[in-house]
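Colleague: Pasting coords.txt below, which is compact mmCIF, C-alpha atoms.
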# COMPACT_ATOMS: atom_id res chain seq x y z
CA MET A 1 121.20 78.22 95.18
CA ARG A 2 123.82 76.72 97.51
CA ARG A 3 123.85 79.73 99.81
CA ALA A 4 121.45 79.12 102.68
CA ALA A 5 120.19 82.70 102.89
CA TRP A 6 119.51 85.44 100.36
CA SER A 7 119.04 89.15 101.05
CA PRO A 8 115.47 89.80 102.25
CA TYR A 9 115.21 92.67 99.75
CA LEU A 10 116.12 90.31 96.88
CA VAL A 11 113.59 87.74 98.15
CA GLY A 12 110.89 90.41 98.49
CA ALA A 13 111.56 91.74 94.99
CA GLY A 14 111.38 88.16 93.67
CA ILE A 15 107.98 87.64 95.30
CA GLY A 16 106.84 90.98 93.81
CA VAL A 17 107.84 89.81 90.32
CA LEU A 18 106.09 86.46 90.95
CA SER A 19 102.94 88.47 91.68
CA TRP A 20 103.15 90.10 88.25
CA ILE A 21 103.51 86.66 86.65
CA ALA A 22 100.55 85.29 88.64
CA PHE A 23 98.33 88.25 87.64
CA LEU A 24 99.43 88.08 83.99
CA THR A 25 99.29 84.32 83.43
CA ALA A 26 96.53 83.19 85.78
CA ALA A 27 94.60 86.38 86.59
CA HIS A 28 95.05 85.33 90.20
CA PRO A 29 96.88 86.81 93.20
CA LEU A 30 99.29 84.68 95.25
CA GLY A 31 97.38 83.14 98.15
CA ILE A 32 97.76 80.04 100.26
CA THR A 33 94.82 79.44 102.56
CA THR A 34 92.05 78.81 100.01
CA ALA A 35 93.85 75.52 99.38
CA TYR A 36 93.63 74.62 103.09
CA GLU A 37 89.90 75.40 102.96
CA ARG A 38 89.34 73.26 99.84
CA THR A 39 91.27 70.37 101.39
CA ALA A 40 89.20 70.60 104.59
CA ALA A 41 86.00 70.70 102.50
CA LEU A 42 87.17 67.63 100.58
CA ALA A 43 87.59 65.74 103.86
CA LEU A 44 84.28 66.96 105.33
CA ALA A 45 82.13 66.45 102.19
CA PRO A 46 81.72 62.65 102.61
CA LEU A 47 80.60 63.24 106.21
CA GLY A 48 77.88 65.61 104.98
CA LEU A 49 79.43 68.52 106.90
CA ALA A 50 80.27 70.72 103.93
CA SER A 51 76.86 71.07 102.25
CA SER A 52 76.30 74.78 102.95
CA TYR A 53 79.92 75.53 101.99
CA LEU A 54 79.59 73.57 98.74
CA SER A 55 76.34 75.33 97.84
CA GLU A 56 78.38 78.54 97.49
CA ASN A 57 81.83 77.22 96.53
CA GLU A 58 82.86 74.77 93.86
CA LEU A 59 85.19 72.06 95.09
CA VAL A 60 88.01 72.68 92.61
CA LEU A 61 91.55 71.48 93.12
CA GLY A 62 93.24 73.87 90.73
CA TRP A 63 95.80 76.64 90.44
CA GLU A 64 95.78 77.52 94.17
CA TRP A 65 96.17 73.91 95.22
CA MET A 66 99.10 73.36 92.86
CA LEU A 67 100.65 76.59 94.15
CA VAL A 68 100.69 75.11 97.66
CA ILE A 69 102.24 71.83 96.46
CA GLY A 70 104.81 73.92 94.60
CA VAL A 71 105.72 75.92 97.71
CA PHE A 72 106.50 72.68 99.54
CA LEU A 73 108.54 71.26 96.64
CA GLY A 74 110.41 74.51 96.02
CA ALA A 75 111.29 74.92 99.69
CA LEU A 76 112.39 71.27 99.85
CA ALA A 77 114.73 71.70 96.87
CA SER A 78 116.04 74.97 98.30
CA ALA A 79 116.70 73.48 101.76
CA LEU A 80 118.47 70.47 100.24
CA TRP A 81 120.67 72.57 97.91
CA GLY A 82 121.55 74.99 100.69
CA ARG A 83 122.10 72.15 103.22
CA ASP A 84 119.63 74.04 105.39
CA ARG A 85 117.25 71.29 106.59
CA GLU A 86 116.51 71.62 110.31
CA PRO A 87 114.62 68.48 111.36
CA MET A 88 113.37 69.06 114.91
CA SER A 89 110.18 69.16 116.97
CA VAL A 90 111.10 71.86 119.50
CA PRO A 91 112.85 75.00 118.16
CA PRO A 92 115.72 76.06 120.49
CA MET A 93 114.18 79.50 121.07
CA TRP A 94 110.99 77.82 122.32
CA ALA A 95 112.97 75.31 124.44
CA ALA A 96 114.98 78.11 126.07
CA ARG A 97 111.75 79.73 127.27
CA PHE A 98 109.32 76.83 127.81
CA GLY A 99 111.58 73.79 128.24
CA PRO A 100 112.32 70.79 126.02
CA SER A 101 108.87 69.13 126.28
CA ARG A 102 107.72 67.96 122.83
CA GLY A 103 104.12 67.63 123.97
CA LYS A 104 103.90 71.26 125.11
CA ARG A 105 105.36 72.56 121.85
CA LEU A 106 103.27 70.34 119.57
CA VAL A 107 99.97 71.06 121.37
CA THR A 108 100.70 74.80 121.10
CA ALA A 109 101.60 74.43 117.41
CA PHE A 110 98.35 72.56 116.73
CA ALA A 111 96.24 75.17 118.54
CA GLY A 112 98.15 77.99 116.84
CA GLY A 113 97.66 76.46 113.39
CA ALA A 114 93.94 76.02 114.03
CA LEU A 115 93.42 79.62 115.24
CA MET A 116 95.56 81.00 112.44
CA LEU A 117 93.79 79.19 109.60
CA PHE A 118 90.34 79.79 111.08
CA GLY A 119 91.21 83.50 111.26
CA ALA A 120 92.56 83.50 107.72
CA ARG A 121 89.34 81.98 106.35
CA LEU A 122 87.14 84.34 108.36
CA ALA A 123 89.14 87.30 107.01
CA ASP A 124 89.43 85.72 103.53
CA GLY A 125 93.24 85.86 103.36
CA CYS A 126 96.54 85.38 105.14
CA THR A 127 100.06 86.79 105.13
CA SER A 128 100.15 86.03 101.38
CA GLY A 129 96.58 86.73 100.22
CA HIS A 130 96.11 89.87 102.32
CA GLY A 131 99.64 90.64 103.56
CA ILE A 132 101.32 90.63 100.17
CA SER A 133 98.75 90.33 97.33
CA GLY A 134 96.03 92.47 98.89
CA ASN A 135 98.40 95.10 100.26
CA LEU A 136 100.22 95.50 96.92
CA GLN A 137 96.84 96.21 95.32
CA LEU A 138 96.30 98.75 98.12
CA ALA A 139 93.09 97.05 99.30
CA VAL A 140 91.68 98.67 102.45
CA SER A 141 90.57 95.23 103.75
CA SER A 142 94.13 93.91 103.48
CA TRP A 143 95.84 96.89 105.16
CA LEU A 144 93.31 96.70 108.01
CA PHE A 145 93.82 92.94 108.38
CA THR A 146 97.62 93.38 108.36
CA ALA A 147 97.51 96.13 110.99
CA ILE A 148 95.30 94.03 113.28
CA PHE A 149 97.17 90.73 112.97
CA ALA A 150 100.56 92.45 113.30
CA ALA A 151 99.51 94.29 116.48
CA VAL A 152 97.90 91.20 118.04
CA SER A 153 100.76 88.83 117.18
CA ILE A 154 103.37 91.30 118.51
CA VAL A 155 101.49 91.69 121.81
CA VAL A 156 101.13 87.90 122.20
CA ALA A 157 104.78 87.22 121.29
CA LEU A 158 106.07 89.91 123.67
CA THR A 159 103.83 88.48 126.42
CA LEU A 160 105.20 84.97 125.78
CA PHE A 161 108.87 85.85 125.33
CA GLY A 162 109.32 89.30 126.85
CA ARG A 163 111.51 91.99 125.42
CA LYS A 164 115.01 90.94 124.41
CA ASP A 165 116.83 93.33 126.78
CA ARG A 166 114.83 92.01 129.75
CA ARG A 167 115.09 88.34 128.83
CA HIS A 168 117.26 86.18 131.10
CA VAL A 169 117.57 82.79 129.48
CA MET B 1 87.09 68.95 90.01
CA PHE B 2 90.41 69.76 88.36
CA GLU B 3 91.33 72.80 86.30
CA PRO B 4 92.97 72.46 82.84
CA LEU B 5 96.47 71.02 82.89
CA PRO B 6 98.42 74.10 81.62
CA ARG B 7 96.85 76.22 84.37
CA MET B 8 97.67 73.61 87.02
CA LEU B 9 101.26 73.43 85.73
CA GLY B 10 101.53 77.24 85.85
CA GLY B 11 100.40 77.22 89.48
CA LEU B 12 102.94 74.52 90.31
CA LEU B 13 105.84 76.45 88.72
CA ILE B 14 104.95 79.73 90.42
CA GLY B 15 104.57 77.79 93.69
CA ILE B 16 108.02 76.22 93.33
CA ALA B 17 109.60 79.65 92.81
CA PHE B 18 107.62 81.01 95.79
CA GLY B 19 108.82 78.10 97.95
CA VAL B 20 112.48 78.65 97.00
CA LEU B 21 112.15 82.37 97.83
CA LEU B 22 110.50 81.74 101.22
CA GLN B 23 113.13 79.17 102.21
CA LYS B 24 116.07 81.31 101.04
CA GLY B 25 114.47 84.29 102.78
CA GLN B 26 114.83 82.38 106.10
CA VAL B 27 111.15 82.82 106.93
CA ALA B 28 110.57 79.05 107.23
CA LYS B 29 112.42 79.30 110.55
CA TYR B 30 110.62 79.64 113.88
CA ARG B 31 113.20 82.06 115.32
CA VAL B 32 112.99 84.43 112.33
CA ILE B 33 109.20 84.75 112.56
CA VAL B 34 109.08 85.02 116.37
CA GLN B 35 111.98 87.50 116.50
CA GLN B 36 110.06 89.68 114.03
CA LEU B 37 107.12 89.61 116.44
CA THR B 38 109.37 90.53 119.40
CA LEU B 39 110.85 93.30 117.20
CA GLU B 40 114.41 91.92 117.33
CA ARG B 41 114.81 91.01 113.68
CA TRP B 42 113.15 92.69 110.71
CA THR B 43 113.50 90.01 107.99
CA VAL B 44 109.75 89.44 107.57
CA ALA B 45 108.96 93.15 107.30
CA LYS B 46 111.75 93.68 104.74
CA ILE B 47 110.50 90.80 102.57
CA MET B 48 106.83 91.75 102.77
CA GLY B 49 107.51 95.46 102.31
CA THR B 50 109.74 94.96 99.25
CA ALA B 51 107.26 92.47 97.75
CA ILE B 52 104.43 94.99 98.17
CA VAL B 53 106.41 97.86 96.58
CA VAL B 54 107.82 95.87 93.64
CA GLY B 55 104.64 93.86 93.09
CA GLY B 56 102.35 96.87 93.46
CA LEU B 57 104.31 99.21 91.18
CA GLY B 58 104.20 96.52 88.47
CA ILE B 59 100.50 95.77 88.85
CA TYR B 60 99.51 99.46 88.92
CA ALA B 61 101.74 100.08 85.85
CA LEU B 62 100.10 97.21 83.93
CA LEU B 63 96.60 98.29 84.93
CA PRO B 64 95.93 101.11 82.40
CA ALA B 65 96.94 98.86 79.47
CA GLY B 66 94.34 96.31 80.57
CA ALA B 67 96.98 93.58 80.93
CA VAL B 68 95.81 92.88 84.48
CA THR B 69 92.77 93.58 86.62
CA LEU B 70 92.65 94.03 90.38
CA HIS B 71 91.41 91.12 92.51
CA LEU B 72 90.40 92.81 95.74
CA LYS B 73 88.92 91.23 98.86
CA PRO B 74 85.82 93.08 100.04
CA LEU B 75 86.02 95.02 103.30
CA LEU B 76 83.80 92.82 105.52
CA VAL B 77 84.45 94.46 108.87
CA GLY B 78 83.54 91.54 111.16
CA GLY B 79 85.53 89.04 109.11
CA VAL B 80 88.64 91.19 108.80
CA VAL B 81 88.71 92.33 112.46
CA LEU B 82 87.83 89.01 114.17
CA GLY B 83 89.82 87.02 111.60
CA GLY B 84 92.81 89.31 112.11
CA ILE B 85 92.70 88.79 115.89
CA SER B 86 92.42 85.00 115.61
CA PHE B 87 95.16 84.95 112.95
CA GLY B 88 97.49 87.09 115.08
CA VAL B 89 97.12 84.88 118.18
CA GLY B 90 97.59 81.72 116.10
CA LEU B 91 100.64 83.11 114.27
CA ALA B 92 102.38 84.01 117.54
CA LEU B 93 101.68 80.52 118.99
CA LEU B 94 102.70 78.54 115.90
CA GLY B 95 105.60 80.73 114.74
CA TYR B 96 104.97 80.09 111.04
CA CYS B 97 102.42 81.72 108.72
CA PRO B 98 100.27 79.57 106.39
CA GLY B 99 102.72 79.71 103.46
CA THR B 100 105.89 79.42 105.52
CA THR B 101 104.34 76.48 107.42
CA LEU B 102 104.66 74.51 104.18
CA ALA B 103 108.25 75.66 103.66
CA ALA B 104 109.02 74.79 107.32
CA CYS B 105 107.55 71.29 106.75
CA ALA B 106 110.00 70.97 103.86
CA GLU B 107 112.87 71.86 106.24
CA GLY B 108 111.82 68.86 108.34
CA ARG B 109 110.27 70.83 111.20
CA ARG B 110 107.78 68.52 112.91
CA ASP B 111 106.06 71.34 114.81
CA ALA B 112 105.19 72.84 111.41
CA TRP B 113 103.61 69.52 110.29
CA VAL B 114 101.47 69.56 113.46
CA GLY B 115 100.62 73.21 112.78
CA LEU B 116 99.55 72.22 109.25
CA LEU B 117 97.19 69.59 110.71
CA GLY B 118 95.83 72.16 113.16
CA GLY B 119 95.36 74.53 110.23
CA LEU B 120 93.27 71.97 108.34
CA VAL B 121 91.10 71.54 111.45
CA GLY B 122 90.75 75.34 111.77
CA ALA B 123 89.75 75.59 108.10
CA GLY B 124 87.35 72.67 108.71
CA VAL B 125 85.64 74.58 111.54
CA PHE B 126 85.06 77.42 109.07
CA VAL B 127 83.76 75.08 106.34
CA ALA B 128 81.47 73.03 108.61
CA ALA B 129 79.55 76.04 109.96
CA HIS B 130 79.92 78.11 106.81
CA ASP B 131 76.52 79.86 107.04
CA SER B 132 77.08 81.10 110.59
CA TRP B 133 80.58 82.38 109.82
CA THR B 134 79.35 84.14 106.68
CA ALA B 135 76.96 86.08 108.91
CA VAL B 136 79.78 86.91 111.38
CA GLN B 137 81.91 88.23 108.50
CA ARG B 138 79.26 90.84 107.77
CA TRP B 139 79.01 92.25 111.29
CA GLY B 140 79.85 95.92 110.90
CA GLY B 141 78.89 95.84 107.25
CA ASP B 142 80.21 95.01 103.80
CA HIS B 143 82.03 98.03 102.40
CA GLY B 144 82.91 96.37 99.10
CA GLU B 145 86.17 96.24 97.18
CA LEU B 146 87.66 99.47 98.46
CA THR B 147 91.23 100.64 97.76
CA LEU B 148 93.34 103.26 99.56
CA PRO B 149 93.46 105.51 96.44
CA GLU B 150 89.64 105.41 96.31
CA LEU B 151 89.33 106.06 100.04
CA VAL B 152 91.95 108.81 100.41
CA GLY B 153 92.58 110.05 96.88
CA ALA B 154 96.35 109.90 96.28
CA PRO B 155 97.23 107.77 93.22
CA GLY B 156 98.38 104.15 93.61
CA TRP B 157 101.99 104.75 92.58
CA ALA B 158 102.34 107.48 95.23
CA TRP B 159 101.33 105.10 98.05
CA LEU B 160 103.78 102.48 96.81
CA ALA B 161 106.61 104.98 96.22
CA GLY B 162 106.01 106.33 99.73
CA LEU B 163 106.28 102.85 101.21
CA GLY B 164 109.42 102.22 99.16
CA LEU B 165 110.99 105.43 100.49
CA LEU B 166 110.11 104.37 104.05
CA ILE B 167 111.82 101.00 103.56
CA ALA B 168 114.91 102.66 102.05
CA LEU B 169 115.13 105.17 104.92
CA ALA B 170 114.76 102.40 107.51
CA ALA B 171 117.54 100.43 105.80
CA VAL B 172 119.88 103.47 105.80
CA TRP B 173 119.00 104.39 109.38
CA ARG B 174 119.77 100.87 110.65
CA ARG B 175 123.18 100.95 108.96
CA ARG B 176 124.36 103.97 110.98
CA PRO B 177 127.39 103.38 113.16
CA PRO B 178 126.51 102.71 116.83
CA ARG B 179 125.73 105.79 118.84
CA ARG B 180 128.32 107.22 121.22
CA ASP B 181 127.64 107.60 124.92
CA ASP B 182 125.27 110.38 125.89
CA ASP B 183 128.08 112.77 126.89
CA GLY B 184 130.03 112.04 123.75
CA PHE B 185 132.76 110.20 125.65
CA ARG B 186 134.47 107.34 123.87
CA PRO B 187 137.05 105.19 125.61
CA PRO B 188 140.42 105.75 123.86
CA ALA B 189 141.55 102.94 121.59
CA ARG B 190 144.29 100.85 123.15
CA SER B 191 147.53 101.22 121.24
CA HIS B 192 149.00 97.94 122.55
CA PRO B 193 146.51 95.13 122.12
Reformat the file's structure so that it appears as structure tokens.
Modeller:
Amino acid sequence: MRRAAWSPYLVGAGIGVLSWIAFLTAAHPLGITTAYERTAALALAPLGLASSYLSENELVLGWEWMLVIGVFLGALASALWGRDREPMSVPPMWAARFGPSRGKRLVTAFAGGALMLFGARLADGCTSGHGISGNLQLAVSSWLFTAIFAAVSIVVALTLFGRKDRRHV
Amino acid sequence: MFEPLPRMLGGLLIGIAFGVLLQKGQVAKYRVIVQQLTLERWTVAKIMGTAIVVGGLGIYALLPAGAVTLHLKPLLVGGVVLGGISFGVGLALLGYCPGTTLAACAEGRRDAWVGLLGGLVGAGVFVAAHDSWTAVQRWGGDHGELTLPELVGAPGWAWLAGLGLLIALAAVWRRRPPRRDDDGFRPPARSHP
């Protein structure tokens, strides 16, 4: 636990085993973004903006919501044990390319988060729900989603940062 | 509004383990995600690939005994294609995915907290105009809960074993010693350092 980094193969195998446990004990695949959607619905319901959503979905704070709380708590414990907390607003890799401005980084992060979660809800899954849980079940929807988001995110990242061998920072 | 306590507790425990794995896997770090997208570092692909192979072989092995059932997302073409594009752009801008955003928040990264807020707004846009987005999801049709074995025919374990072999080959290939110059010339080692 004190080592800051584990082998990615070990981590991947661990997540695979967690999937078995989730299927066996909760009859539910690992997924993150339904909890974001429920939380947003909870905030919008008093404003009367969630009525059509709530006519089709029950506003339950359950297994998925606790899973998300758990991810935060588990990562917090892990970062503390490994002395691997990195409190910062502007990651160095971003600063090297776009400068040290906090405003620029935080506005981009906000916009990125919004586009990402909107996309995840439109597609009904994210890197966990489609990328891991759906792909391991060999769902066609998940493999298609993964191919599209991987291609798009690689093109955008290469446009923003350029290829490593041509980068002069 | 709340599910039974044992089920909530189960979700919390699995979440804690998931959070430890994501943080120890280094994927709560901006540089690790972005360098995967610029194809400089393959941590994310190794984690996701191994999780798919290990997870999938287990689930497909448990399936015939009836211990588990599949929980597939339907192939709604409009939702998956447009959602995938929006997700890909957002992921490249934020540098954390929805799960690793939470782990990055736990590392004290303030850009991840702002990304989380943005994510709630993005989810809110979906919730607030739910009817319209449901129609968009169905552009191009609803092809149901389709799997690759159903579509192509090869059994589930074969797909997963194939992916596992691919990951193993990539790992071996990347461990090769560095290539010599094109003409095979290698500068002689200096005997007196």
Colleague: Got a sec: who's within 6 Å of segment 134-146 of chain A, counting only C-alpha atoms, leaving out chain neighbours fewer than 5 positions off, as a ChimeraX atom specification?
Modeller: /A:129 /B:52,56,75,80,84,146-148
Colleague: List as a ChimeraX atom specification the protein and nucleic acid residues near segment 135-145 of chain B, meaning an atom at most 6 Å away when only C-alpha atoms are counted, but skip any in the same chain fewer than 2 places from it.
Modeller: /B:72-79,132-133
Colleague: What is the atom CA of Ala75 of chain A-atom CA of Ala106 of chain B distance in Å, reported with one decimal?
Modeller: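 Computing it gives 5.9 Å between the two atoms.
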Colleague: By how many Å are atom CA of Ala150 of chain A and atom CA of Leu91 of chain B apart?
Modeller: 9.4 Å
Colleague: When distances are computed from all atoms listed in the file, which of B:Ala103, B:Leu165, B:Leu160, B:Ile16 shows the smallest separation from Asp84 of chain A?
Modeller: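 Comparing B:Ala103, B:Leu165, B:Leu160, B:Ile16 against Asp84 of chain A, the winner is B:Ala103.
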Colleague: In Å, rounded to a single decimal, give me how far atom CA of Leu122 of chain A is from atom CA of Gly83 of chain B.
Modeller: 5.0 Å
Colleague: For a quick check of understanding, using only C-alpha atoms, which of B:Gly88, B:Leu9, B:Gly164, B:Trp157 has the smallest distance to Ala61 of chain B?
Modeller: B:Trp157
Colleague: If we count only C-alpha atoms and set the cut-off at 9 Å, which residues sit around segment 36-51 of chain B, ignoring sequence neighbours fewer than 6 positions away in its own chain? Please answer as a PyMOL selection string.
Modeller: (chain A and resi 7-17+19+127-128+131-133+136+150-151+153-158+161-164) or (chain B and resi 25-27+92+163-164+167+171)
Colleague: Fewer than 5 positions away in the same chain doesn't count, so skip those; otherwise give me all residues within 9 Å of Gly119 of chain A, counting all atoms listed in the file, as a PyMOL selection string.
Modeller: (chain A and resi 114+124-126) or (chain B and resi 79-80+82-88+90+122-123+126)
Colleague: Taking all atoms of segment 93-96 of chain A that the file lists and extending 4 Å past them on each side, where is the centre of the axis-aligned box and how long are its edges? Answer in Å to one decimal, as JSON.
Modeller:
{"center_x": 113.0, "center_y": 77.4, "center_z": 123.6, "size_x": 12.0, "size_y": 12.2, "size_z": 13.0}
Colleague: Using all atoms listed in the file for the distances, tell me which of A:Ala22, A:Val90, A:Ala5, A:Leu73 is nearest to Thr108 of chain A.
Modeller: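 Going through A:Ala22, A:Val90, A:Ala5, A:Leu73 one by one, the smallest distance to Thr108 of chain A is for A:Val90.
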Colleague: Just checking: using only C-alpha atoms, which residue out of A:Thr25, A:Ser89, A:Thr34, A:Ser55 ends up closest to chain B?
Modeller: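 For chain B, the nearest of the candidates is A:Ser89.
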Colleague: Restricting the calculation to only C-alpha atoms, which member of B:Val20, B:Ala129, B:Leu57, B:Leu151 is positioned closest to chain A?
Modeller: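 Checking each of B:Val20, B:Ala129, B:Leu57, B:Leu151 against chain A, counting only C-alpha atoms, the winner is B:Val20.
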Colleague: Restricting the calculation to all atoms listed in the file, which member of A:Gly112, A:Ile21, A:Ala27, A:Pro46 is positioned closest to chain B?
Modeller: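 Among A:Gly112, A:Ile21, A:Ala27, A:Pro46, it is A:Gly112 that comes nearest to chain B.
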Colleague: So that I can check the surroundings of Leu42 of chain A, please list as a PDB file with C-alpha atoms, in the coordinates of the input every protein, DNA and RNA residue that reaches within 12 Å of it, counting all atoms listed in the file and ignoring chain neighbours fewer than 3 positions away.
Modeller:
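result16.pdb, written as the output of this step:
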ATOM      1  CA  ALA A  35      93.850  75.520  99.380  1.00  0.00           C
ATOM      2  CA  TYR A  36      93.630  74.620 103.090  1.00  0.00           C
ATOM      3  CA  GLU A  37      89.900  75.400 102.960  1.00  0.00           C
ATOM      4  CA  ARG A  38      89.340  73.260  99.840  1.00  0.00           C
ATOM      5  CA  THR A  39      91.270  70.370 101.390  1.00  0.00           C
ATOM      6  CA  ALA A  45      82.130  66.450 102.190  1.00  0.00           C
ATOM      7  CA  PRO A  46      81.720  62.650 102.610  1.00  0.00           C
ATOM      8  CA  LEU A  47      80.600  63.240 106.210  1.00  0.00           C
ATOM      9  CA  GLY A  48      77.880  65.610 104.980  1.00  0.00           C
ATOM     10  CA  LEU A  49      79.430  68.520 106.900  1.00  0.00           C
ATOM     11  CA  ALA A  50      80.270  70.720 103.930  1.00  0.00           C
ATOM     12  CA  SER A  51      76.860  71.070 102.250  1.00  0.00           C
ATOM     13  CA  TYR A  53      79.920  75.530 101.990  1.00  0.00           C
ATOM     14  CA  LEU A  54      79.590  73.570  98.740  1.00  0.00           C
ATOM     15  CA  ASN A  57      81.830  77.220  96.530  1.00  0.00           C
ATOM     16  CA  GLU A  58      82.860  74.770  93.860  1.00  0.00           C
ATOM     17  CA  LEU A  59      85.190  72.060  95.090  1.00  0.00           C
ATOM     18  CA  VAL A  60      88.010  72.680  92.610  1.00  0.00           C
ATOM     19  CA  LEU A  61      91.550  71.480  93.120  1.00  0.00           C
TER      20      LEU A  61
ATOM     21  CA  MET B   1      87.090  68.950  90.010  1.00  0.00           C
ATOM     22  CA  LEU B 120      93.270  71.970 108.340  1.00  0.00           C
ATOM     23  CA  ALA B 123      89.750  75.590 108.100  1.00  0.00           C
ATOM     24  CA  GLY B 124      87.350  72.670 108.710  1.00  0.00           C
ATOM     25  CA  VAL B 127      83.760  75.080 106.340  1.00  0.00           C
ATOM     26  CA  ALA B 128      81.470  73.030 108.610  1.00  0.00           C
TER      27      ALA B 128
END
